[in-house]
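Structure file entry-v2.txt with compact mmCIF, C-alpha atoms and all ligand atoms:
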# COMPACT_ATOMS: atom_id res chain seq x y z
CA MET I 70 79.81 -13.14 -137.06
CA GLU I 71 77.49 -15.10 -139.31
CA ILE I 72 73.93 -15.47 -138.06
CA LYS I 73 71.68 -18.26 -139.26
CA ARG I 74 67.99 -17.41 -139.55
CA LYS I 75 65.84 -19.47 -137.19
CA SER I 76 62.16 -19.44 -136.36
CA ILE I 77 62.08 -17.32 -133.23
CA MET I 78 59.01 -18.47 -131.31
CA LEU I 79 60.04 -16.78 -128.07
CA PRO I 80 57.75 -14.62 -125.93
CA GLY I 81 59.75 -11.74 -127.35
CA PRO I 82 61.70 -10.88 -129.29
CA VAL I 83 59.81 -12.40 -132.19
CA ASP I 84 60.44 -12.81 -135.92
CA VAL I 85 60.27 -9.51 -137.76
CA PRO I 86 58.79 -9.40 -141.30
CA ASP I 87 61.34 -8.63 -144.01
CA ASP I 88 59.81 -5.29 -144.97
CA VAL I 89 59.97 -4.13 -141.33
CA LEU I 90 63.56 -5.33 -141.08
CA MET I 91 64.60 -3.77 -144.39
CA SER I 92 63.22 -0.39 -143.44
CA MET I 93 66.01 -0.17 -140.86
CA SER I 94 68.53 0.28 -143.66
CA LYS I 95 67.17 3.70 -144.63
CA PRO I 96 69.69 6.53 -144.27
CA VAL I 97 70.40 8.29 -141.03
CA ILE I 98 68.56 11.61 -141.04
CA ASN I 99 68.52 14.77 -138.98
CA HIS I 100 66.28 14.03 -136.00
CA ARG I 101 65.44 17.74 -135.87
CA GLY I 102 64.54 17.92 -139.54
CA GLU I 103 61.40 17.66 -141.67
CA GLU I 104 61.84 13.97 -142.55
CA PHE I 105 61.92 12.94 -138.91
CA HIS I 106 58.88 15.12 -138.17
CA GLN I 107 57.00 13.20 -140.84
CA LEU I 108 58.14 9.84 -139.45
CA MET I 109 57.21 10.76 -135.89
CA ALA I 110 53.83 12.14 -136.99
CA ASN I 111 53.03 8.81 -138.67
CA ILE I 112 54.10 6.84 -135.60
CA GLU I 113 52.07 9.08 -133.32
CA ARG I 114 48.92 8.97 -135.44
CA ILE I 115 48.77 5.17 -135.59
CA SER I 116 49.94 4.70 -131.99
CA LYS I 117 47.08 6.82 -130.68
CA GLN I 118 44.63 4.69 -132.67
CA ILE I 119 45.92 1.41 -131.32
CA PHE I 120 46.33 2.66 -127.74
CA GLN I 121 42.76 3.93 -128.14
CA THR I 122 43.69 7.15 -126.43
CA LYS I 123 43.22 10.86 -126.86
CA TYR I 124 46.44 11.39 -124.90
CA ASN I 125 50.07 11.35 -126.03
CA VAL I 126 51.99 8.20 -126.89
CA ILE I 127 55.69 8.80 -126.40
CA VAL I 128 58.42 6.57 -127.78
CA LEU I 129 61.44 5.86 -125.60
CA SER I 130 64.69 4.53 -127.06
CA SER I 131 64.89 1.86 -124.40
CA SER I 132 63.70 -1.69 -123.92
CA GLY I 133 60.52 -2.45 -121.99
CA THR I 134 62.25 -2.20 -118.62
CA GLY I 135 63.03 1.44 -119.38
CA GLY I 136 59.35 1.98 -120.13
CA ALA I 137 58.38 0.46 -116.76
CA GLU I 138 61.07 2.49 -115.01
CA SER I 139 59.74 5.66 -116.66
CA ALA I 140 56.29 5.05 -115.11
CA VAL I 141 57.83 4.44 -111.69
CA MET I 142 60.13 7.47 -111.81
CA ASN I 143 57.44 9.86 -113.05
CA ILE I 144 54.82 8.83 -110.49
CA ILE I 145 56.69 7.67 -107.39
CA ARG I 146 58.58 10.07 -105.10
CA PRO I 147 60.57 8.76 -102.11
CA GLY I 148 58.13 7.58 -99.44
CA ASP I 149 55.16 7.19 -101.82
CA LYS I 150 53.07 4.05 -101.63
CA ALA I 151 52.03 1.86 -104.55
CA ILE I 152 49.77 -1.18 -104.87
CA VAL I 153 51.26 -4.00 -106.97
CA PRO I 154 49.51 -7.31 -107.73
CA VAL I 155 52.35 -9.87 -107.84
CA PHE I 156 51.79 -13.15 -109.68
CA GLY I 157 54.96 -13.66 -111.72
CA GLU I 158 58.58 -12.59 -112.11
CA PHE I 159 57.78 -9.39 -114.01
CA SER I 160 55.22 -8.12 -111.52
CA GLY I 161 57.76 -8.91 -108.77
CA ARG I 162 60.34 -6.93 -110.72
CA LEU I 163 57.98 -3.96 -111.09
CA ALA I 164 57.54 -3.94 -107.30
CA GLN I 165 61.33 -3.94 -106.92
CA GLN I 166 61.68 -1.04 -109.36
CA ILE I 167 59.29 0.97 -107.17
CA GLU I 168 61.32 0.10 -104.07
CA ALA I 169 64.53 1.10 -105.87
CA ALA I 170 62.90 4.52 -106.37
CA ARG I 171 62.40 4.57 -102.56
CA GLY I 172 58.68 3.89 -102.85
CA LYS I 173 56.78 1.64 -100.46
CA VAL I 174 55.06 -1.31 -102.07
CA VAL I 175 51.87 -3.00 -100.94
CA ARG I 176 52.08 -6.38 -102.69
CA VAL I 177 48.91 -8.33 -103.42
CA ASN I 178 50.37 -11.77 -103.94
CA ALA I 179 49.02 -14.83 -105.69
CA PRO I 180 50.79 -18.09 -106.51
CA PHE I 181 52.26 -18.21 -110.03
CA GLY I 182 49.74 -19.79 -112.40
CA THR I 183 46.84 -17.81 -110.97
CA ALA I 184 46.33 -14.15 -110.03
CA PRO I 185 44.83 -12.08 -107.18
CA SER I 186 41.08 -11.49 -107.24
CA VAL I 187 39.62 -8.04 -107.88
CA GLU I 188 38.38 -8.13 -104.27
CA GLN I 189 41.86 -8.73 -102.90
CA ILE I 190 43.17 -5.79 -104.87
CA GLU I 191 40.28 -3.53 -103.89
CA ASN I 192 40.82 -4.45 -100.23
CA ALA I 193 44.48 -3.47 -100.48
CA VAL I 194 43.47 -0.20 -102.13
CA SER I 195 40.81 0.65 -99.54
CA GLU I 196 43.28 -0.10 -96.71
CA ASN I 197 45.86 2.15 -98.37
CA LYS I 198 43.90 5.12 -99.66
CA ASP I 199 47.05 7.23 -99.50
CA ALA I 200 48.72 5.11 -102.21
CA LYS I 201 49.80 7.02 -105.30
CA GLY I 202 48.91 4.36 -107.81
CA ILE I 203 48.13 0.82 -108.83
CA PHE I 204 50.84 -0.80 -110.96
CA LEU I 205 49.54 -3.83 -112.86
CA VAL I 206 51.38 -6.18 -115.19
CA TYR I 207 48.62 -7.06 -117.65
CA ASN I 208 50.40 -10.09 -119.04
CA ASP I 209 53.08 -11.51 -116.77
CA THR I 210 55.30 -13.23 -119.30
CA SER I 211 57.05 -15.49 -116.81
CA PRO I 212 54.12 -17.77 -115.93
CA GLY I 213 52.13 -16.74 -119.05
CA THR I 214 49.30 -15.14 -117.08
CA THR I 215 47.00 -12.44 -118.43
CA TYR I 216 45.17 -10.45 -115.76
CA ARG I 217 41.65 -10.66 -117.15
CA TYR I 218 40.20 -8.01 -114.80
CA ALA I 219 42.43 -5.12 -115.82
CA LYS I 220 39.33 -3.07 -116.69
CA GLU I 221 37.88 -3.58 -113.19
CA ILE I 222 41.17 -2.48 -111.62
CA GLY I 223 40.93 0.71 -113.71
CA ASP I 224 37.49 1.36 -112.23
CA ILE I 225 38.94 0.95 -108.74
CA ALA I 226 41.83 3.31 -109.50
CA GLU I 227 39.33 5.84 -110.81
CA LYS I 228 37.08 5.47 -107.74
CA TYR I 229 39.96 6.03 -105.31
CA GLY I 230 41.65 8.75 -107.37
CA MET I 231 44.89 6.84 -107.93
CA PHE I 232 47.12 6.68 -110.96
CA TYR I 233 46.75 3.45 -112.92
CA VAL I 234 49.83 2.06 -114.64
CA ILE I 235 49.66 -0.95 -116.93
CA ASP I 236 52.79 -2.81 -117.98
CA ALA I 237 51.46 -4.23 -121.25
CA ILE I 238 54.95 -4.81 -122.64
CA SER I 239 54.44 -8.38 -123.78
CA VAL I 240 50.75 -8.22 -124.72
CA PHE I 241 50.14 -4.86 -126.35
CA GLY I 242 48.79 -5.43 -129.85
CA GLY I 243 47.90 -9.05 -129.07
CA ASP I 244 44.97 -8.58 -126.70
CA ILE I 245 42.44 -5.88 -125.92
CA LEU I 246 43.54 -2.77 -124.05
CA PRO I 247 41.53 0.40 -124.65
CA MET I 248 43.64 2.81 -122.61
CA ASP I 249 41.13 5.61 -121.97
CA GLU I 250 38.11 3.37 -121.47
CA TRP I 251 40.02 1.42 -118.82
CA HIS I 252 41.07 4.66 -117.05
CA ALA I 253 44.77 3.93 -117.49
CA ASP I 254 47.22 6.77 -116.91
CA VAL I 255 50.26 4.97 -118.27
CA VAL I 256 50.31 2.04 -120.70
CA ILE I 257 53.67 0.56 -121.69
CA ALA I 258 54.23 -1.50 -124.85
CA GLY I 259 57.45 -3.17 -126.02
CA SER I 260 58.48 -3.02 -129.68
CA GLN I 261 59.82 -6.59 -129.82
CA LYS I 262 56.67 -8.45 -128.84
CA CYS I 263 53.23 -8.30 -130.52
CA LEU I 264 54.29 -5.20 -132.50
CA PHE I 265 56.77 -7.39 -134.49
CA THR I 266 59.49 -4.74 -134.47
CA PRO I 267 63.10 -5.34 -133.36
CA PRO I 268 63.89 -4.81 -129.67
CA GLY I 269 64.86 -1.39 -128.37
CA LEU I 270 61.77 0.80 -128.14
CA ALA I 271 59.12 1.27 -125.49
CA LEU I 272 55.88 3.00 -126.51
CA VAL I 273 54.21 4.67 -123.58
CA GLY I 274 50.72 6.16 -123.49
CA VAL I 275 50.63 8.92 -120.86
CA SER I 276 47.50 10.66 -119.59
CA ASP I 277 47.36 14.44 -119.16
CA ASP I 278 46.90 13.88 -115.41
CA VAL I 279 50.32 12.26 -115.16
CA VAL I 280 51.98 14.91 -117.31
CA ASN I 281 50.41 17.74 -115.29
CA TYR I 282 51.53 16.06 -112.08
CA VAL I 283 55.08 15.77 -113.41
CA ARG I 284 55.11 19.45 -114.36
CA LYS I 285 54.17 20.41 -110.80
CA ASP I 286 56.47 17.93 -109.10
CA PRO I 287 59.41 17.13 -111.42
CA PRO I 288 60.69 13.54 -111.28
CA LEU I 289 64.20 12.45 -110.31
CA THR I 290 65.01 11.51 -113.87
CA THR I 291 66.08 13.48 -116.92
CA TYR I 292 66.02 10.78 -119.60
CA PHE I 293 62.50 9.58 -118.75
CA ASN I 294 60.80 12.88 -117.82
CA TYR I 295 57.35 12.63 -119.45
CA ALA I 296 56.87 16.38 -119.64
CA SER I 297 59.96 16.71 -121.89
CA TYR I 298 58.71 13.96 -124.20
CA VAL I 299 55.28 15.55 -124.48
CA ASP I 300 56.77 19.00 -125.17
CA PHE I 301 59.00 17.64 -127.92
CA LEU I 302 56.20 15.49 -129.34
CA ALA I 303 54.25 18.70 -129.98
CA LYS I 304 56.84 19.37 -132.73
CA PHE I 305 57.14 15.65 -133.64
CA GLU I 306 60.53 15.24 -132.03
CA THR I 307 62.03 13.40 -129.08
CA PRO I 308 64.03 15.23 -126.40
CA PHE I 309 67.09 13.01 -126.96
CA THR I 310 68.58 11.32 -130.03
CA PRO I 311 66.11 8.60 -131.11
CA ALA I 312 67.21 5.06 -132.11
CA LEU I 313 66.45 5.97 -135.74
CA PRO I 314 66.62 2.55 -137.43
CA ILE I 315 64.11 1.09 -134.97
CA PHE I 316 61.84 4.11 -135.44
CA TYR I 317 61.80 3.33 -139.18
CA ALA I 318 60.97 -0.30 -138.41
CA LEU I 319 58.24 0.73 -135.98
CA GLU I 320 56.64 3.00 -138.57
CA THR I 321 56.47 0.12 -141.07
CA ALA I 322 55.08 -2.31 -138.47
CA LEU I 323 52.44 0.19 -137.31
CA GLN I 324 51.38 0.81 -140.91
CA LYS I 325 50.91 -2.94 -141.35
CA ILE I 326 48.87 -3.13 -138.15
CA SER I 327 46.74 -0.21 -139.22
CA ALA I 328 46.16 -1.74 -142.67
CA GLN I 329 45.03 -5.05 -141.18
CA GLY I 330 43.06 -3.60 -138.28
CA LEU I 331 43.87 -4.13 -134.60
CA ASP I 332 40.68 -6.08 -133.89
CA LYS I 333 41.54 -8.64 -136.54
CA ILE I 334 45.07 -9.01 -135.26
CA ILE I 335 43.81 -9.58 -131.71
CA GLN I 336 41.36 -12.17 -133.01
CA LYS I 337 44.23 -13.97 -134.77
CA HIS I 338 46.19 -14.15 -131.52
CA LYS I 339 43.16 -15.70 -129.83
CA ILE I 340 42.76 -18.33 -132.55
CA GLY I 341 46.49 -19.11 -132.50
CA ALA I 342 46.38 -19.56 -128.71
CA GLU I 343 43.37 -21.88 -128.96
CA ALA I 344 45.21 -24.00 -131.51
CA TYR I 345 48.26 -24.34 -129.24
CA TYR I 346 46.30 -25.13 -126.06
CA LYS I 347 44.06 -27.64 -127.83
CA ALA I 348 47.01 -29.36 -129.54
CA PHE I 349 49.04 -29.67 -126.35
CA GLU I 350 46.02 -30.89 -124.43
CA THR I 351 45.60 -33.57 -127.12
CA MET I 352 49.21 -34.57 -126.48
CA GLY I 353 48.37 -34.93 -122.78
CA LEU I 354 50.49 -31.90 -121.80
CA GLN I 355 49.14 -29.53 -119.14
CA PRO I 356 48.99 -25.73 -119.45
CA PHE I 357 50.66 -24.08 -116.45
CA VAL I 358 48.07 -21.35 -115.91
CA GLU I 359 44.52 -21.58 -114.58
CA GLU I 360 42.16 -21.45 -117.56
CA ARG I 361 40.59 -18.02 -116.98
CA PHE I 362 44.01 -16.32 -116.77
CA ARG I 363 45.61 -18.14 -119.69
CA SER I 364 47.50 -15.86 -122.02
CA ASN I 365 46.82 -15.60 -125.73
CA VAL I 366 50.36 -14.42 -126.36
CA VAL I 367 52.51 -16.63 -124.10
CA ILE I 368 51.72 -20.33 -124.19
CA SER I 369 53.21 -21.91 -121.05
CA ILE I 370 53.11 -25.66 -120.63
CA LYS I 371 54.26 -27.88 -117.75
CA TYR I 372 56.99 -30.39 -118.49
CA PRO I 373 55.96 -33.98 -117.98
CA GLN I 374 57.97 -35.78 -115.30
CA GLY I 375 61.46 -36.68 -116.47
CA VAL I 376 61.87 -34.14 -119.30
CA ASP I 377 64.98 -32.00 -118.99
CA ASP I 378 64.30 -28.41 -120.05
CA VAL I 379 67.69 -27.71 -121.65
CA LYS I 380 67.96 -31.07 -123.44
CA PHE I 381 64.40 -30.76 -124.77
CA ARG I 382 64.85 -27.25 -126.16
CA LYS I 383 68.28 -28.05 -127.60
CA TYR I 384 66.82 -31.03 -129.42
CA LEU I 385 63.98 -28.89 -130.73
CA GLU I 386 66.30 -26.14 -131.96
CA ASN I 387 68.90 -28.46 -133.48
CA ASN I 388 66.36 -30.61 -135.31
CA TYR I 389 63.65 -28.12 -136.24
CA ASN I 390 65.45 -24.76 -136.23
CA ILE I 391 62.75 -23.43 -133.89
CA VAL I 392 63.61 -21.47 -130.76
CA ILE I 393 61.31 -21.53 -127.74
CA THR I 394 62.15 -20.84 -124.11
CA GLY I 395 61.87 -22.35 -120.64
CA GLY I 396 60.72 -20.96 -117.34
CA PHE I 397 62.81 -18.71 -115.12
CA GLY I 398 62.98 -17.84 -111.46
CA GLU I 399 60.85 -20.29 -109.50
CA LEU I 400 59.59 -21.83 -112.76
CA LYS I 401 63.05 -22.78 -114.09
CA GLY I 402 63.00 -26.33 -115.44
CA LYS I 403 59.26 -26.68 -114.81
CA ILE I 404 57.64 -25.18 -117.90
CA PHE I 405 58.36 -24.33 -121.52
CA ARG I 406 56.98 -21.18 -123.15
CA ILE I 407 56.13 -20.27 -126.73
CA GLY I 408 55.48 -16.78 -127.99
CA ASN I 409 52.24 -16.43 -129.94
CA MET I 410 52.97 -12.84 -130.83
CA GLY I 411 53.00 -10.61 -133.86
CA ILE I 412 52.61 -12.43 -137.16
CA ILE I 413 50.14 -15.25 -136.48
CA GLU I 414 50.22 -17.82 -139.27
CA ARG I 415 49.66 -21.53 -139.77
CA SER I 416 53.18 -21.78 -141.19
CA LYS I 417 54.62 -20.77 -137.82
CA ILE I 418 52.22 -22.48 -135.44
CA LEU I 419 51.91 -25.94 -136.99
CA PRO I 420 55.68 -26.59 -137.32
CA THR I 421 56.12 -25.46 -133.70
CA ILE I 422 53.47 -27.90 -132.46
CA LEU I 423 54.98 -30.67 -134.56
CA ALA I 424 58.49 -29.92 -133.30
CA VAL I 425 57.35 -29.90 -129.65
CA GLY I 426 55.57 -33.23 -130.17
CA HIS I 427 58.52 -34.99 -131.83
CA SER I 428 60.95 -33.51 -129.33
CA MET I 429 58.79 -34.91 -126.52
CA ILE I 430 58.89 -38.34 -128.17
CA ALA I 431 62.68 -38.03 -128.40
CA GLN I 432 62.72 -37.48 -124.61
CA GLY I 433 60.75 -40.68 -124.09
CA ILE I 434 57.29 -39.12 -123.73
CA ASN I 435 54.64 -40.82 -125.80
CA VAL I 436 52.44 -38.19 -127.47
CA ASN I 437 50.10 -38.34 -130.47
CA VAL I 438 51.54 -35.69 -132.79
CA GLU I 439 49.29 -36.50 -135.72
CA LYS I 440 46.11 -36.00 -133.69
CA ALA I 441 47.50 -32.78 -132.16
CA ILE I 442 48.20 -31.35 -135.62
CA GLU I 443 44.72 -32.35 -136.74
CA VAL I 444 42.99 -30.47 -133.88
CA ALA I 445 45.25 -27.46 -134.34
CA GLU I 446 44.47 -27.37 -138.08
CA GLU I 447 40.79 -27.40 -137.22
CA LYS I 448 41.17 -24.41 -134.87
CA LEU I 449 43.36 -22.55 -137.34
CA LYS I 450 40.63 -22.68 -139.98
CA GLY I 451 39.28 -19.74 -137.99
CA LEU I 452 42.14 -17.61 -139.38
CA ASP I 453 40.53 -17.76 -142.83
CA SER I 454 37.49 -15.81 -141.74
CA VAL I 455 39.37 -13.08 -139.87
C1 LIG N 1 55.71 -8.08 -118.75
C2 LIG N 1 57.10 -7.64 -119.02
N1 LIG N 1 57.57 -6.55 -118.40
C3 LIG N 1 58.81 -6.11 -118.61
C4 LIG N 1 59.67 -6.75 -119.47
C5 LIG N 1 61.05 -6.24 -119.70
O1 LIG N 1 61.19 -5.84 -121.01
P1 LIG N 1 62.61 -5.72 -121.72
O2 LIG N 1 63.25 -7.07 -121.65
O3 LIG N 1 62.25 -5.28 -123.10
O4 LIG N 1 63.39 -4.70 -120.98
C6 LIG N 1 59.23 -7.89 -120.14
C7 LIG N 1 60.12 -8.63 -121.06
O5 LIG N 1 59.87 -9.74 -121.46
C8 LIG N 1 57.91 -8.34 -119.91
O6 LIG N 1 57.45 -9.41 -120.55
So that I can check it, write out the structure of this file as structure tokens.
Amino acid sequence: MEIKRKSIMLPGPVDVPDDVLMSMSKPVINHRGEEFHQLMANIERISKQIFQTKYNVIVLSSSGTGGAESAVMNIIRPGDKAIVPVFGEFSGRLAQQIEAARGKVVRVNAPFGTAPSVEQIENAVSENKDAKGIFLVYNDTSPGTTYRYAKEIGDIAEKYGMFYVIDAISVFGGDILPMDEWHADVVIAGSQKCLFTPPGLALVGVSDDVVNYVRKDPPLTTYFNYASYVDFLAKFETPFTPALPIFYALETALQKISAQGLDKIIQKHKIGAEAYYKAFETMGLQPFVEERFRSNVVISIKYPQGVDDVKFRKYLENNYNIVITGGFGELKGKIFRIGNMGIIERSKILPTILAVGHSMIAQGINVNVEKAIEVAEEKLKGLDSV
């Protein structure tokens, strides 16, 4: 099947740089041999730097959902309680994963577009001191909401002696997350989002507390058992056959991140997000999420009355070769979402803004595209000094 290259501006997967992509064509090697040890050592060294952790970062050959499931299966035993702030489809899904593992979930709900307060979460924790952990989705990709008090929730977890799990699948590498400073026990990143690697790997930072717990009380999973991963990582291996081509790609992507510096990359995501929000505001389009929780990596915008989601995105893709997405679950048909993840460049952001503007006009919505591009250009000047 022939595949035409398009500009993939989704909230994951995202466009992968050619050198990252090409590194997947290296030969298959022995995953118990010296070459793999070298590869894994490189991945581990840079991963620890960007997770900002002294603990182990394991790499699972699974998509993000497998990473989230690994946290659930390693921490939750049947009958265990967990606190889950729910403010989007992915946090709802995390709660369901815990229930599927026969855990009991205390949900702290907030309407999509906002998020529960720190107080609400602390109340739930103090009323459920027997809970095993707090499971937070740092950036819920469905509404485009970043939980801006993730650090405070870490302090609460620390105070009450609970495990703290952060699903950072869609935001890791695009916004701040110092794992140890925030008292996180498990941090999950997805390869296909801000790490600009193809889909298929979950990177998971795991604290010694979790690993020691797992050794004492083995989980009901073989594939995701953290203790096995940590034991094999000591010799720079994985317990099971790794998805080698994606490991090669990940190594190249991490080397690029390390060369640029994580702080700079995070700053670029912030500038890119400001350009999008400002441009859409200039067009008279409304962001879906309350300002303080707005994501720097998922730009979610409400459709004006009368715009059909599928028709709009089809027009945009057919005429501009740019792929964005809509809402799902309760947000289906109500919002469109753009990924501002990975490689943040003018040459990706400006055409996307232009395409959205002209596609709106084609749907009968009068927007000032020229002015929107002008304000975005102004914001994007900030990229030059990063
Ligand atoms: C916050 C969050 N959690 C979990 C997932 C699931 O990841 P995957 O589709 O890689 O399994 C996603 C995917 O978009 C996500 O954004």
Within-8 Å residues of ligand LIG 1 (chain N), basis only C-alpha atoms and all ligand atoms, as a PyMOL selection string
chain I and resi 80-81+131-137+159-160+163+206-211+236-240+259-261+268-271
Selection above as a file: C-alpha atoms, as a short mmCIF file (atom, residue, chain, number, x, y, z; two decimals), in the frame of the given file:
data_model
loop_
_atom_site.label_atom_id
_atom_site.label_comp_id
_atom_site.auth_asym_id
_atom_site.auth_seq_id
_atom_site.Cartn_x
_atom_site.Cartn_y
_atom_site.Cartn_z
CA PRO I 80 57.75 -14.62 -125.93
CA GLY I 81 59.75 -11.74 -127.35
CA SER I 131 64.89 1.86 -124.40
CA SER I 132 63.70 -1.69 -123.92
CA GLY I 133 60.52 -2.45 -121.99
CA THR I 134 62.25 -2.20 -118.62
CA GLY I 135 63.03 1.44 -119.38
CA GLY I 136 59.35 1.98 -120.13
CA ALA I 137 58.38 0.46 -116.76
CA PHE I 159 57.78 -9.39 -114.01
CA SER I 160 55.22 -8.12 -111.52
CA LEU I 163 57.98 -3.96 -111.09
CA VAL I 206 51.38 -6.18 -115.19
CA TYR I 207 48.62 -7.06 -117.65
CA ASN I 208 50.40 -10.09 -119.04
CA ASP I 209 53.08 -11.51 -116.77
CA THR I 210 55.30 -13.23 -119.30
CA SER I 211 57.05 -15.49 -116.81
CA ASP I 236 52.79 -2.81 -117.98
CA ALA I 237 51.46 -4.23 -121.25
CA ILE I 238 54.95 -4.81 -122.64
CA SER I 239 54.44 -8.38 -123.78
CA VAL I 240 50.75 -8.22 -124.72
CA GLY I 259 57.45 -3.17 -126.02
CA SER I 260 58.48 -3.02 -129.68
CA GLN I 261 59.82 -6.59 -129.82
CA PRO I 268 63.89 -4.81 -129.67
CA GLY I 269 64.86 -1.39 -128.37
CA LEU I 270 61.77 0.80 -128.14
CA ALA I 271 59.12 1.27 -125.49
#
Find the residues around Asp88 of chain I up to 10 Å (only C-alpha atoms counted), leave out those fewer than 4 positions away in its own chain, and share them as a list of chain:residue names.
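Counting only the stated atoms, we get I:Ser92, I:Met93, I:Ala318, I:Thr321, I:Ala322, I:Lys325.
Counting all atoms listed in the file, the residue from I:Glu113, I:Glu306, I:Glu138, I:Asp149 that sits nearest to Lys201 of chain I is I:Asp149.
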Got a sec: who's within 12 Å of Val283 of chain I, counting all atoms listed in the file, leaving out chain neighbours fewer than 5 positions off, as number ranges by chain?
I: 139-146, 275-278, 288-291, 293-299
So how many Å separate atom CA of Arg406 of chain I and atom CA of Pro267 of chain I, to one decimal?
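Here the two named atoms are 19.8 Å from each other.
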Identify, on the basis of all atoms listed in the file, every residue whose closest approach to Glu188 of chain I does not exceed 12 Å; exclude the query and any residue fewer than 4 positions from it along the same chain; express the result as a ChimeraX atom specification.
/I:154,177,184,192-195,218,221-222,225
At a cut-off of 12 Å, using all atoms listed in the file, what residues contact Val175 of chain I? Leave out same-chain residues fewer than 4 positions from it and give the result as a PDB file with C-alpha atoms, in the frame of the given file.
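The file below, out_2.pdb, is the result:
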ATOM      1  CA  ASP I 149      55.160   7.190-101.820  1.00  0.00           C
ATOM      2  CA  LYS I 150      53.070   4.050-101.630  1.00  0.00           C
ATOM      3  CA  ALA I 151      52.030   1.860-104.550  1.00  0.00           C
ATOM      4  CA  ILE I 152      49.770  -1.180-104.870  1.00  0.00           C
ATOM      5  CA  VAL I 153      51.260  -4.000-106.970  1.00  0.00           C
ATOM      6  CA  PRO I 154      49.510  -7.310-107.730  1.00  0.00           C
ATOM      7  CA  VAL I 155      52.350  -9.870-107.840  1.00  0.00           C
ATOM      8  CA  GLY I 161      57.760  -8.910-108.770  1.00  0.00           C
ATOM      9  CA  LEU I 163      57.980  -3.960-111.090  1.00  0.00           C
ATOM     10  CA  ALA I 164      57.540  -3.940-107.300  1.00  0.00           C
ATOM     11  CA  GLN I 165      61.330  -3.940-106.920  1.00  0.00           C
ATOM     12  CA  ILE I 167      59.290   0.970-107.170  1.00  0.00           C
ATOM     13  CA  GLU I 168      61.320   0.100-104.070  1.00  0.00           C
ATOM     14  CA  GLN I 189      41.860  -8.730-102.900  1.00  0.00           C
ATOM     15  CA  ILE I 190      43.170  -5.790-104.870  1.00  0.00           C
ATOM     16  CA  GLU I 191      40.280  -3.530-103.890  1.00  0.00           C
ATOM     17  CA  ASN I 192      40.820  -4.450-100.230  1.00  0.00           C
ATOM     18  CA  ALA I 193      44.480  -3.470-100.480  1.00  0.00           C
ATOM     19  CA  VAL I 194      43.470  -0.200-102.130  1.00  0.00           C
ATOM     20  CA  SER I 195      40.810   0.650 -99.540  1.00  0.00           C
ATOM     21  CA  GLU I 196      43.280  -0.100 -96.710  1.00  0.00           C
ATOM     22  CA  ASN I 197      45.860   2.150 -98.370  1.00  0.00           C
ATOM     23  CA  LYS I 198      43.900   5.120 -99.660  1.00  0.00           C
ATOM     24  CA  ASP I 199      47.050   7.230 -99.500  1.00  0.00           C
ATOM     25  CA  ALA I 200      48.720   5.110-102.210  1.00  0.00           C
ATOM     26  CA  LYS I 201      49.800   7.020-105.300  1.00  0.00           C
ATOM     27  CA  GLY I 202      48.910   4.360-107.810  1.00  0.00           C
ATOM     28  CA  ILE I 203      48.130   0.820-108.830  1.00  0.00           C
ATOM     29  CA  PHE I 204      50.840  -0.800-110.960  1.00  0.00           C
TER      30      PHE I 204
END
Name all residues at most 8 Å from Ala424 of chain I (count all atoms listed in the file; drop same-chain ones fewer than 2 positions away) and give them as a PyMOL selection string.
chain I and resi 385+389+391+420-422+426-428
Could you jot down the atom CA of Ser369 of chain I to atom CA of Ile334 of chain I separation for me, Å, one decimal place?
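These atoms are spaced 20.8 Å apart.
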Selected residue of minimal separation from Phe397 of chain I among I:Pro212, I:Gln121, I:Leu205, I:Ser130, counting all atoms listed in the file
I:Pro212
